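Asks: Sharing upload.pdb (PDB, C-alpha atoms) below.
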ATOM      1  CA  MET A   1      86.852  45.614 -19.227
ATOM      2  CA  MET A   2      86.977  46.266 -22.975
ATOM      3  CA  LEU A   3      89.846  48.349 -24.298
ATOM      4  CA  SER A   4      89.012  51.528 -26.190
ATOM      5  CA  PHE A   5      89.879  51.609 -29.882
ATOM      6  CA  SER A   6      92.706  54.137 -29.316
ATOM      7  CA  THR A   7      94.202  52.057 -26.484
ATOM      8  CA  ALA A   8      94.028  48.877 -28.542
ATOM      9  CA  LEU A   9      95.601  50.680 -31.495
ATOM     10  CA  THR A  10      98.401  51.995 -29.273
ATOM     11  CA  LEU A  11      99.138  48.509 -27.916
ATOM     12  CA  LEU A  12      99.076  47.002 -31.404
ATOM     13  CA  LEU A  13     101.428  49.626 -32.841
ATOM     14  CA  SER A  14     103.768  49.431 -29.822
ATOM     15  CA  THR A  15     104.073  45.678 -30.302
ATOM     16  CA  LEU A  16     104.665  46.179 -34.020
ATOM     17  CA  VAL A  17     107.340  48.809 -33.317
ATOM     18  CA  LEU A  18     109.239  46.456 -31.024
ATOM     19  CA  PHE A  19     109.004  43.639 -33.572
ATOM     20  CA  LEU A  20     110.142  45.730 -36.541
ATOM     21  CA  CYS A  21     112.912  47.443 -34.575
ATOM     22  CA  SER A  22     114.249  44.058 -33.516
ATOM     23  CA  MET A  23     114.561  43.159 -37.225
ATOM     24  CA  TRP A  24     116.177  46.463 -38.226
ATOM     25  CA  PRO A  25     119.956  46.895 -38.057
ATOM     26  CA  ALA A  26     121.032  49.257 -35.277
ATOM     27  CA  LYS A  27     122.531  52.600 -36.264
ATOM     28  CA  LYS A  28     125.668  53.989 -34.675
ATOM     29  CA  LYS A  29     124.468  56.183 -31.854
ATOM     30  CA  TRP A  30     125.451  59.794 -31.248
ATOM     31  CA  GLU A  31     126.549  60.259 -27.651
ATOM     32  CA  PRO A  32     126.184  63.658 -25.929
ATOM     33  CA  LYS A  33     128.796  62.839 -23.264
ATOM     34  CA  GLY A  34     131.713  65.227 -23.577
ATOM     35  CA  GLN A  35     129.979  67.215 -26.334
ATOM     36  CA  HIS A  36     129.328  70.949 -26.219
ATOM     37  CA  CYS A  37     125.589  71.320 -26.869
ATOM     38  CA  TYR A  38     124.043  74.697 -27.595
ATOM     39  CA  VAL A  39     120.332  75.029 -26.754
ATOM     40  CA  THR A  40     118.180  78.012 -27.743
ATOM     41  CA  GLY A  41     114.976  78.716 -25.843
ATOM     42  CA  GLY A  42     116.712  77.017 -22.936
ATOM     43  CA  SER A  43     115.213  78.967 -20.034
ATOM     44  CA  SER A  44     111.898  77.080 -19.881
ATOM     45  CA  GLY A  45     109.765  74.342 -21.410
ATOM     46  CA  LEU A  46     111.315  71.861 -23.811
ATOM     47  CA  GLY A  47     114.570  73.829 -24.111
ATOM     48  CA  LEU A  48     115.241  73.750 -20.370
ATOM     49  CA  ALA A  49     114.194  70.084 -20.058
ATOM     50  CA  LEU A  50     116.489  69.221 -22.950
ATOM     51  CA  ALA A  51     119.402  71.160 -21.452
ATOM     52  CA  ILE A  52     118.992  69.331 -18.153
ATOM     53  CA  ALA A  53     118.704  65.925 -19.858
ATOM     54  CA  LEU A  54     121.851  66.580 -21.942
ATOM     55  CA  THR A  55     123.742  67.732 -18.850
ATOM     56  CA  LYS A  56     122.779  64.536 -17.029
ATOM     57  CA  ARG A  57     124.264  62.603 -19.943
ATOM     58  CA  GLY A  58     127.589  64.337 -19.523
ATOM     59  CA  ALA A  59     127.251  67.084 -22.130
ATOM     60  CA  ASP A  60     128.615  70.584 -21.618
ATOM     61  CA  VAL A  61     125.528  72.703 -22.244
ATOM     62  CA  SER A  62     125.143  76.381 -23.152
ATOM     63  CA  ILE A  63     121.614  77.790 -23.111
ATOM     64  CA  VAL A  64     120.415  80.943 -24.837
ATOM     65  CA  ALA A  65     117.148  82.806 -24.268
ATOM     66  CA  ARG A  66     115.833  86.335 -24.138
ATOM     67  CA  ASN A  67     114.392  86.156 -20.591
ATOM     68  CA  GLU A  68     117.198  87.066 -18.172
ATOM     69  CA  GLU A  69     115.165  86.258 -15.041
ATOM     70  CA  ARG A  70     114.471  82.708 -16.221
ATOM     71  CA  LEU A  71     118.064  82.310 -17.343
ATOM     72  CA  SER A  72     119.282  83.159 -13.858
ATOM     73  CA  GLU A  73     117.230  80.261 -12.524
ATOM     74  CA  ALA A  74     118.850  77.702 -14.875
ATOM     75  CA  LEU A  75     121.220  75.073 -13.561
ATOM     76  CA  ALA A  76     124.579  76.417 -12.363
ATOM     77  CA  GLN A  77     126.548  73.913 -14.455
ATOM     78  CA  MET A  78     125.122  75.310 -17.689
ATOM     79  CA  GLU A  79     126.531  78.446 -19.263
ATOM     80  CA  SER A  80     123.683  80.833 -20.039
ATOM     81  CA  TYR A  81     123.442  83.853 -22.316
ATOM     82  CA  SER A  82     120.710  86.419 -22.884
ATOM     83  CA  PHE A  83     120.238  87.323 -26.553
ATOM     84  CA  SER A  84     117.326  88.011 -28.859
ATOM     85  CA  LEU A  85     117.404  85.395 -31.618
ATOM     86  CA  THR A  86     114.942  87.076 -33.972
ATOM     87  CA  ASP A  87     117.661  89.045 -35.753
ATOM     88  CA  SER A  88     120.742  87.694 -37.503
ATOM     89  CA  GLU A  89     123.405  89.825 -35.795
ATOM     90  CA  SER A  90     122.263  88.880 -32.299
ATOM     91  CA  SER A  91     122.037  85.201 -33.297
ATOM     92  CA  ASP A  92     125.621  85.348 -34.625
ATOM     93  CA  ALA A  93     126.810  87.055 -31.437
ATOM     94  CA  ALA A  94     125.123  84.469 -29.195
ATOM     95  CA  LEU A  95     126.835  81.601 -31.004
ATOM     96  CA  GLU A  96     130.221  83.307 -30.870
ATOM     97  CA  GLU A  97     129.807  84.107 -27.165
ATOM     98  CA  ALA A  98     128.961  80.478 -26.363
ATOM     99  CA  SER A  99     132.067  79.338 -28.267
ATOM    100  CA  LYS A 100     134.505  81.568 -26.326
ATOM    101  CA  PRO A 101     134.792  79.384 -23.188
ATOM    102  CA  HIS A 102     135.642  76.475 -25.515
ATOM    103  CA  ASP A 103     138.661  78.145 -27.109
ATOM    104  CA  GLY A 104     136.408  79.523 -29.825
ATOM    105  CA  ILE A 105     135.514  76.008 -30.991
ATOM    106  CA  LEU A 106     132.026  75.670 -32.417
ATOM    107  CA  PRO A 107     129.438  73.649 -30.407
ATOM    108  CA  HIS A 108     129.263  70.018 -31.490
ATOM    109  CA  ALA A 109     125.464  70.244 -31.702
ATOM    110  CA  VAL A 110     122.828  72.969 -31.674
ATOM    111  CA  PHE A 111     119.281  72.317 -30.482
ATOM    112  CA  LEU A 112     116.940  75.051 -31.714
ATOM    113  CA  CYS A 113     113.993  75.115 -29.317
ATOM    114  CA  ALA A 114     113.227  78.849 -29.334
ATOM    115  CA  GLY A 115     109.825  79.897 -30.613
ATOM    116  CA  ALA A 116     106.424  81.304 -29.709
ATOM    117  CA  SER A 117     102.840  81.337 -30.973
ATOM    118  CA  ARG A 118      99.956  83.815 -30.781
ATOM    119  CA  PRO A 119      96.918  82.067 -32.272
ATOM    120  CA  GLY A 120      94.135  84.139 -33.778
ATOM    121  CA  PHE A 121      91.873  84.550 -36.787
ATOM    122  CA  PHE A 122      93.605  85.528 -40.028
ATOM    123  CA  VAL A 123      91.132  88.384 -40.626
ATOM    124  CA  GLU A 124      92.385  90.017 -37.409
ATOM    125  CA  GLU A 125      96.067  89.797 -38.333
ATOM    126  CA  ASP A 126      98.027  92.681 -39.796
ATOM    127  CA  ALA A 127     101.463  93.076 -41.345
ATOM    128  CA  LYS A 128     103.159  93.428 -37.946
ATOM    129  CA  SER A 129     101.541  90.365 -36.390
ATOM    130  CA  LEU A 130     102.274  88.222 -39.454
ATOM    131  CA  GLN A 131     105.896  89.343 -39.333
ATOM    132  CA  TRP A 132     106.023  88.564 -35.592
ATOM    133  CA  GLY A 133     104.664  85.104 -36.343
ATOM    134  CA  MET A 134     107.394  84.333 -38.887
ATOM    135  CA  GLU A 135     110.092  85.769 -36.631
ATOM    136  CA  ASN A 136     109.066  83.538 -33.724
ATOM    137  CA  ALA A 137     108.211  80.399 -35.700
ATOM    138  CA  TYR A 138     110.928  80.443 -38.364
ATOM    139  CA  TRP A 139     113.610  83.148 -38.195
ATOM    140  CA  VAL A 140     114.272  82.554 -34.478
ATOM    141  CA  GLN A 141     115.765  79.199 -35.525
ATOM    142  CA  ALA A 142     116.830  79.910 -39.123
ATOM    143  CA  TYR A 143     119.235  82.722 -38.182
ATOM    144  CA  THR A 144     121.135  80.489 -35.757
ATOM    145  CA  ALA A 145     121.194  77.652 -38.297
ATOM    146  CA  LEU A 146     122.683  80.068 -40.835
ATOM    147  CA  ALA A 147     125.406  81.282 -38.458
ATOM    148  CA  TYR A 148     126.224  77.709 -37.438
ATOM    149  CA  THR A 149     126.358  76.400 -41.007
ATOM    150  CA  LYS A 150     128.730  79.193 -42.053
ATOM    151  CA  ARG A 151     131.041  78.264 -39.176
ATOM    152  CA  ILE A 152     130.867  74.560 -40.060
ATOM    153  CA  ALA A 153     131.947  75.315 -43.613
ATOM    154  CA  ARG A 154     134.609  77.837 -42.618
ATOM    155  CA  ASP A 155     136.107  75.715 -39.820
ATOM    156  CA  LYS A 156     135.867  72.503 -41.877
ATOM    157  CA  THR A 157     134.351  70.686 -38.919
ATOM    158  CA  ALA A 158     131.360  68.362 -38.564
ATOM    159  CA  GLY A 159     128.278  69.592 -36.727
ATOM    160  CA  LYS A 160     124.697  68.736 -35.850
ATOM    161  CA  ILE A 161     121.567  70.893 -36.161
ATOM    162  CA  VAL A 162     118.331  69.900 -34.430
ATOM    163  CA  PHE A 163     115.267  72.022 -35.258
ATOM    164  CA  VAL A 164     112.058  71.948 -33.229
ATOM    165  CA  ALA A 165     108.993  72.559 -35.412
ATOM    166  CA  SER A 166     105.454  71.414 -34.576
ATOM    167  CA  VAL A 167     102.957  68.865 -35.813
ATOM    168  CA  LEU A 168     101.468  71.979 -37.449
ATOM    169  CA  GLY A 169     104.420  71.773 -39.821
ATOM    170  CA  TYR A 170     102.632  68.800 -41.426
ATOM    171  CA  MET A 171      99.149  70.311 -41.580
ATOM    172  CA  SER A 172      97.247  73.204 -40.020
ATOM    173  CA  LEU A 173      93.842  74.353 -38.890
ATOM    174  CA  ILE A 174      91.885  77.443 -37.937
ATOM    175  CA  GLY A 175      93.721  79.854 -35.623
ATOM    176  CA  TYR A 176      97.324  79.146 -36.624
ATOM    177  CA  SER A 177      97.694  81.381 -39.697
ATOM    178  CA  SER A 178     100.624  83.326 -38.199
ATOM    179  CA  TYR A 179     102.392  80.244 -36.782
ATOM    180  CA  ALA A 180     101.978  77.178 -39.001
ATOM    181  CA  PRO A 181     103.532  78.810 -42.104
ATOM    182  CA  GLY A 182     106.789  79.298 -40.196
ATOM    183  CA  LYS A 183     106.822  75.668 -39.103
ATOM    184  CA  HIS A 184     106.201  74.512 -42.681
ATOM    185  CA  ALA A 185     109.126  76.740 -43.665
ATOM    186  CA  LEU A 186     111.311  75.117 -40.995
ATOM    187  CA  ARG A 187     110.581  71.727 -42.527
ATOM    188  CA  GLY A 188     111.648  73.057 -45.926
ATOM    189  CA  LEU A 189     114.859  74.446 -44.453
ATOM    190  CA  ALA A 190     115.641  71.188 -42.633
ATOM    191  CA  GLU A 191     115.003  69.150 -45.796
ATOM    192  CA  THR A 192     117.405  71.393 -47.724
ATOM    193  CA  LEU A 193     120.110  71.400 -45.072
ATOM    194  CA  ARG A 194     119.932  67.633 -44.592
ATOM    195  CA  SER A 195     121.089  67.417 -48.220
ATOM    196  CA  GLU A 196     123.505  70.359 -48.258
ATOM    197  CA  LEU A 197     125.271  69.557 -44.981
ATOM    198  CA  LEU A 198     126.341  66.199 -46.378
ATOM    199  CA  LEU A 199     129.095  68.338 -47.953
ATOM    200  CA  TYR A 200     130.405  69.018 -44.445
ATOM    201  CA  ASP A 201     129.847  65.558 -42.906
ATOM    202  CA  SER A 202     127.156  67.127 -40.707
ATOM    203  CA  THR A 203     123.661  65.956 -39.758
ATOM    204  CA  VAL A 204     120.262  67.592 -39.448
ATOM    205  CA  HIS A 205     117.185  66.542 -37.480
ATOM    206  CA  ILE A 206     113.776  68.140 -36.971
ATOM    207  CA  MET A 207     111.147  67.380 -34.339
ATOM    208  CA  PHE A 208     107.381  67.810 -34.807
ATOM    209  CA  PRO A 209     105.791  67.738 -31.318
ATOM    210  CA  GLY A 210     102.171  68.386 -30.455
ATOM    211  CA  ASN A 211     101.148  70.528 -27.488
ATOM    212  CA  ILE A 212     103.809  70.906 -24.793
ATOM    213  CA  ASP A 213     102.963  71.516 -21.121
ATOM    214  CA  SER A 214     105.062  74.661 -20.810
ATOM    215  CA  PRO A 215     104.875  78.409 -20.084
ATOM    216  CA  GLY A 216     104.747  78.960 -23.847
ATOM    217  CA  PHE A 217     101.591  76.841 -24.115
ATOM    218  CA  ILE A 218      99.955  78.813 -21.293
ATOM    219  CA  GLU A 219     100.799  82.055 -23.082
ATOM    220  CA  GLU A 220      99.495  80.664 -26.389
ATOM    221  CA  ASN A 221      96.148  79.858 -24.796
ATOM    222  CA  ARG A 222      95.642  83.533 -23.879
ATOM    223  CA  THR A 223      94.867  84.451 -27.496
ATOM    224  CA  LYS A 224      93.672  81.097 -28.825
ATOM    225  CA  PRO A 225      90.178  81.316 -30.394
ATOM    226  CA  ARG A 226      87.569  79.174 -28.689
ATOM    227  CA  ILE A 227      87.062  76.995 -31.773
ATOM    228  CA  THR A 228      90.820  76.355 -31.964
ATOM    229  CA  ALA A 229      90.921  75.449 -28.263
ATOM    230  CA  GLU A 230      87.951  73.111 -28.806
ATOM    231  CA  ILE A 231      89.702  71.248 -31.627
ATOM    232  CA  ASP A 232      92.995  71.342 -29.722
ATOM    233  CA  SER A 233      91.426  69.847 -26.591
ATOM    234  CA  THR A 234      91.778  66.335 -28.016
ATOM    235  CA  SER A 235      95.586  66.728 -27.875
ATOM    236  CA  LYS A 236      96.799  66.368 -24.293
ATOM    237  CA  PRO A 237      99.916  68.483 -23.658
ATOM    238  CA  GLU A 238     103.025  66.326 -23.233
ATOM    239  CA  SER A 239     105.572  67.007 -20.518
ATOM    240  CA  PRO A 240     108.804  68.699 -21.667
ATOM    241  CA  GLU A 241     110.848  66.061 -19.844
ATOM    242  CA  VAL A 242     109.257  63.171 -21.766
ATOM    243  CA  LEU A 243     109.691  64.993 -25.062
ATOM    244  CA  ALA A 244     113.324  65.842 -24.270
ATOM    245  CA  GLU A 245     114.133  62.195 -23.596
ATOM    246  CA  GLY A 246     112.400  61.131 -26.810
ATOM    247  CA  LEU A 247     114.219  63.795 -28.810
ATOM    248  CA  ILE A 248     117.645  62.756 -27.547
ATOM    249  CA  HIS A 249     116.891  59.089 -28.206
ATOM    250  CA  ALA A 250     115.730  59.819 -31.772
ATOM    251  CA  VAL A 251     118.807  61.951 -32.476
ATOM    252  CA  GLN A 252     120.994  59.165 -31.114
ATOM    253  CA  CYS A 253     119.284  56.733 -33.494
ATOM    254  CA  GLY A 254     119.860  59.081 -36.435
ATOM    255  CA  ASP A 255     116.186  59.813 -37.212
ATOM    256  CA  PHE A 256     115.684  62.843 -39.452
ATOM    257  CA  HIS A 257     111.986  63.595 -38.863
ATOM    258  CA  ILE A 258     111.206  63.032 -35.187
ATOM    259  CA  THR A 259     107.574  62.550 -34.180
ATOM    260  CA  PRO A 260     106.999  61.674 -30.515
ATOM    261  CA  ASP A 261     103.482  60.214 -30.686
ATOM    262  CA  ILE A 262     101.246  58.049 -32.865
ATOM    263  CA  LEU A 263      99.300  60.941 -34.422
ATOM    264  CA  GLY A 264     102.552  62.696 -35.317
ATOM    265  CA  ASN A 265     103.860  59.507 -36.905
ATOM    266  CA  ILE A 266     100.682  59.171 -38.946
ATOM    267  CA  PHE A 267     100.976  62.748 -40.239
ATOM    268  CA  ARG A 268     104.701  62.254 -40.911
ATOM    269  CA  SER A 269     104.249  59.051 -42.859
ATOM    270  CA  SER A 270     101.270  60.435 -44.772
ATOM    271  CA  THR A 271     103.213  63.511 -45.940
ATOM    272  CA  ILE A 272     106.658  61.945 -46.239
ATOM    273  CA  GLY A 273     107.346  62.648 -49.917
ATOM    274  CA  ALA A 274     111.093  62.200 -50.495
ATOM    275  CA  THR A 275     111.926  62.491 -46.777
ATOM    276  CA  PRO A 276     113.988  59.521 -45.503
ATOM    277  CA  HIS A 277     111.990  56.911 -43.609
ATOM    278  CA  ASN A 278     112.694  56.150 -39.975
ATOM    279  CA  ASN A 279     111.586  52.558 -40.559
ATOM    280  CA  ILE A 280     110.182  51.824 -44.006
ATOM    281  CA  LEU A 281     107.946  48.949 -42.848
ATOM    282  CA  LEU A 282     106.515  50.736 -39.824
ATOM    283  CA  ASP A 283     106.099  53.962 -41.783
ATOM    284  CA  GLY A 284     104.032  51.993 -44.282
ATOM    285  CA  VAL A 285     101.728  50.937 -41.455
ATOM    286  CA  TYR A 286     101.378  54.523 -40.234
ATOM    287  CA  ALA A 287     100.717  55.757 -43.795
ATOM    288  CA  SER A 288      97.991  53.118 -44.266
ATOM    289  CA  ILE A 289      96.303  54.208 -41.045
ATOM    290  CA  GLY A 290      96.523  57.827 -42.202
ATOM    291  CA  TRP A 291      95.095  57.044 -45.635
ATOM    292  CA  ILE A 292      92.031  55.580 -43.916
ATOM    293  CA  GLY A 293      91.736  57.731 -40.800
ATOM    294  CA  LEU A 294      92.878  61.255 -41.690
ATOM    295  CA  PRO A 295      89.959  62.024 -44.060
ATOM    296  CA  PHE A 296      87.589  61.286 -41.152
ATOM    297  CA  TRP A 297      89.685  63.455 -38.825
ATOM    298  CA  ARG A 298      89.619  66.341 -41.305
ATOM    299  CA  ARG A 299      85.869  65.935 -41.847
ATOM    300  CA  ASP A 300      85.286  66.246 -38.086
ATOM    301  CA  VAL A 301      87.526  69.322 -37.873
ATOM    302  CA  ASP A 302      85.717  70.993 -40.781
ATOM    303  CA  LYS A 303      82.360  70.179 -39.180
ATOM    304  CA  SER A 304      83.451  71.819 -35.933
ATOM    305  CA  VAL A 305      84.557  74.932 -37.818
ATOM    306  CA  LEU A 306      81.291  75.184 -39.751
ATOM    307  CA  ASN A 307      79.284  74.798 -36.531
ATOM    308  CA  HIS A 308      81.216  77.782 -35.198
ATOM    309  CA  ARG A 309      80.222  80.096 -38.081
ATOM    310  CA  LYS A 310      77.397  81.956 -36.280
ATOM    311  CA  GLU A 311      79.451  82.448 -33.126
ATOM    312  CA  HIS A 312      82.359  83.702 -35.224
ATOM    313  CA  GLN A 313      80.185  86.252 -37.036
ATOM    314  CA  ASP A 314      78.812  87.486 -33.697
ATOM    315  CA  TYR A 315      82.371  87.767 -32.383
ATOM    316  CA  LEU A 316      83.496  89.866 -35.362
ATOM    317  CA  GLU A 317      80.401  92.029 -35.025
ATOM    318  CA  ALA A 318      81.147  92.678 -31.349
ATOM    319  CA  LYS A 319      84.751  93.562 -32.209
ATOM    320  CA  GLY A 320      83.564  96.116 -34.770
ATOM    321  CA  PHE A 321      85.160  94.257 -37.684
ATOM    322  CA  TYR A 322      82.309  94.851 -40.132
ATOM    323  CA  SER A 323      82.192  98.584 -39.465
ATOM    324  CA  ALA A 324      85.948  99.140 -39.682
TER     325      ALA A 324
END
Would you mind writing the structure in this file as structure tokens?

Replies:
Amino acid sequence: MMLSFSTALTLLLSTLVLFLCSMWPAKKKWEPKGQHCYVTGGSSGLGLALAIALTKRGADVSIVARNEERLSEALAQMESYSFSLTDSESSDAALEEASKPHDGILPHAVFLCAGASRPGFFVEEDAKSLQWGMENAYWVQAYTALAYTKRIARDKTAGKIVFVASVLGYMSLIGYSSYAPGKHALRGLAETLRSELLLYDSTVHIMFPGNIDSPGFIEENRTKPRITAEIDSTSKPESPEVLAEGLIHAVQCGDFHITPDILGNIFRSSTIGATPHNNILLDGVYASIGWIGLPFWRRDVDKSVLNHRKEHQDYLEAKGFYSA
């Protein structure tokens, strides 16, 4: 049976990865065992999967989320706290509360998984919904990063910040006008802090996953425009457990930008700018594929959007947009 092009490409790149990695000098690995790890958004999805995976590796894990019912269902060996992380004071308080059982000592690493998305057309947004989008895509992680960085500097101790963005932090498409800007902003913050935290012997990482099979993804689909869902349907949601394992492995290897699949790696390498490479040879391969393939991908996306124009106008008409 003949292999599909995507399968053949996956096998080829996997072989190339193994070959190039065998030639590359190994980095000193970060080990979570015995570390206090602080995980936001830890009551479900990637955050919960990550908390469980870190606990299995011997880490002492504190999880923070706003949903008290879900928090009560978290593993008994993990300390859990209910705080809203979309304002700075509450984010500060959550970090301080998690430090108390550890003699006030700051967590060794923070994993910022909190976030939410409500897709929709930009013409239907308003000031409140745009603000909500930034709060739940950017500020929900930036406030904690700010509190943690201040403590790192004040306590003169090394730390580790791990942001979770989205592949939409590399590009975007119809329906994500209130979400993608926050993820682009997270990339900018991570790039800045990677440089600045060198002053404190601390490290920064940022992950750019695609769709995640989680309660958040189910909630996102409730408002997702049909055209967005159609384009999105080519991206199969990944399990939180697989992503959590990949995230920990990449952090252990010292990767700055973490992309868990081939498409993410292609977008990463094609938009890398001055960002450090994970593997300069392999990234060159990904960038070459992107240089050839991404224009075709974008052409197909644009074609899908244009084909949706009549349906979109009918939708706005039915919603009373033109008569407002």

Asks: Using the chain letters and numbers from the file, which residues does the PyMOL selection byres ((chain A and resi 179) around 10) grab, as a count of residues only?

Replies: 27

Asks: By how many Å are atom CA of A:Ser202 and atom CA of A:Lys160 apart?

Replies: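 So the answer is 5.7 Å.
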
Asks: Run the PyMOL selection byres ((chain A and resi 53-59) around 9) mentally over the shown coordinates, then write out the matched residues as JSON, numbers by chain, using the chain letters and numbers from the document.

Replies: {"A": [31, 32, 33, 34, 35, 36, 37, 48, 49, 50, 51, 52, 60, 61, 77, 78, 241, 244, 245, 248]}

Asks: Run the PyMOL selection byres ((chain A and resi 257) around 6) on the file and write out the hits as a list in words.

Replies: Ile206, Met207, Asp255, Phe256 and Ile258 of chain A

Asks: Might you pull out every residue within 10 Å of A:Phe111, with all atoms listed in the file counted and same-chain residues fewer than 4 positions away left off, and present them as a PyMOL selection string?

Replies: chain A and resi 37-42+47+50-51+63+141+144-145+160-164+205-206

Asks: Expressed in Å to a single decimal, how great is the separation between atom CA of A:Ile280 and atom CA of A:Pro209?

Replies: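 Atom-to-atom, atom CA of A:Ile280 and atom CA of A:Pro209 are spaced 20.8 Å apart.
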
Asks: Which residue is closest to A:Tyr315? Choose from A:Leu189, A:Ile289, A:Cys253, A:Ile227 and count all atoms listed in the file.

Replies: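 Distance minimum relative to A:Tyr315 lands on A:Ile227.
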
Asks: List the neighbours of A:Leu193 out to 9 Å using all atoms listed in the file; skip same-chain residues closer than 3 positions along the sequence, and give me the result as a PyMOL selection string.

Replies: chain A and resi 149+188-190+196-198+203-204

Asks: Hey, could you patch up stretch 274-289 of chain A with N, CA and C atoms and hand it over as a PDB file, in the frame of the given file?

Replies:
ATOM      1  N   ALA A 274     109.748  62.754 -50.320  1.00  0.00           N
ATOM      2  CA  ALA A 274     111.093  62.200 -50.495  1.00  0.00           C
ATOM      3  C   ALA A 274     111.902  62.208 -49.205  1.00  0.00           C
ATOM      4  N   THR A 275     111.244  62.503 -48.079  1.00  0.00           N
ATOM      5  CA  THR A 275     111.926  62.491 -46.777  1.00  0.00           C
ATOM      6  C   THR A 275     112.351  61.069 -46.423  1.00  0.00           C
ATOM      7  N   PRO A 276     113.568  60.874 -45.896  1.00  0.00           N
ATOM      8  CA  PRO A 276     113.988  59.521 -45.503  1.00  0.00           C
ATOM      9  C   PRO A 276     113.058  58.910 -44.459  1.00  0.00           C
ATOM     10  N   HIS A 277     112.800  57.633 -44.594  1.00  0.00           N
ATOM     11  CA  HIS A 277     111.990  56.911 -43.609  1.00  0.00           C
ATOM     12  C   HIS A 277     112.791  56.681 -42.330  1.00  0.00           C
ATOM     13  N   ASN A 278     112.072  56.614 -41.214  1.00  0.00           N
ATOM     14  CA  ASN A 278     112.694  56.150 -39.975  1.00  0.00           C
ATOM     15  C   ASN A 278     112.757  54.622 -39.967  1.00  0.00           C
ATOM     16  N   ASN A 279     111.691  54.012 -40.429  1.00  0.00           N
ATOM     17  CA  ASN A 279     111.586  52.558 -40.559  1.00  0.00           C
ATOM     18  C   ASN A 279     110.574  52.310 -41.669  1.00  0.00           C
ATOM     19  N   ILE A 280     111.039  51.872 -42.813  1.00  0.00           N
ATOM     20  CA  ILE A 280     110.182  51.824 -44.006  1.00  0.00           C
ATOM     21  C   ILE A 280     108.958  50.932 -43.817  1.00  0.00           C
ATOM     22  N   LEU A 281     109.095  49.836 -43.064  1.00  0.00           N
ATOM     23  CA  LEU A 281     107.946  48.949 -42.848  1.00  0.00           C
ATOM     24  C   LEU A 281     106.928  49.587 -41.912  1.00  0.00           C
ATOM     25  N   LEU A 282     107.415  50.118 -40.794  1.00  0.00           N
ATOM     26  CA  LEU A 282     106.515  50.736 -39.824  1.00  0.00           C
ATOM     27  C   LEU A 282     105.879  51.998 -40.400  1.00  0.00           C
ATOM     28  N   ASP A 283     106.656  52.765 -41.160  1.00  0.00           N
ATOM     29  CA  ASP A 283     106.099  53.962 -41.783  1.00  0.00           C
ATOM     30  C   ASP A 283     104.982  53.603 -42.755  1.00  0.00           C
ATOM     31  N   GLY A 284     105.098  52.453 -43.404  1.00  0.00           N
ATOM     32  CA  GLY A 284     104.032  51.993 -44.282  1.00  0.00           C
ATOM     33  C   GLY A 284     102.750  51.720 -43.515  1.00  0.00           C
ATOM     34  N   VAL A 285     102.898  51.183 -42.305  1.00  0.00           N
ATOM     35  CA  VAL A 285     101.728  50.937 -41.455  1.00  0.00           C
ATOM     36  C   VAL A 285     101.077  52.256 -41.066  1.00  0.00           C
ATOM     37  N   TYR A 286     101.910  53.211 -40.613  1.00  0.00           N
ATOM     38  CA  TYR A 286     101.378  54.523 -40.234  1.00  0.00           C
ATOM     39  C   TYR A 286     100.679  55.201 -41.418  1.00  0.00           C
ATOM     40  N   ALA A 287     101.303  55.126 -42.603  1.00  0.00           N
ATOM     41  CA  ALA A 287     100.717  55.757 -43.795  1.00  0.00           C
ATOM     42  C   ALA A 287      99.377  55.124 -44.146  1.00  0.00           C
ATOM     43  N   SER A 288      99.252  53.811 -43.981  1.00  0.00           N
ATOM     44  CA  SER A 288      97.991  53.118 -44.266  1.00  0.00           C
ATOM     45  C   SER A 288      96.897  53.567 -43.305  1.00  0.00           C
ATOM     46  N   ILE A 289      97.274  53.719 -42.038  1.00  0.00           N
ATOM     47  CA  ILE A 289      96.303  54.208 -41.045  1.00  0.00           C
ATOM     48  C   ILE A 289      95.865  55.623 -41.401  1.00  0.00           C
TER      49      ILE A 289
END
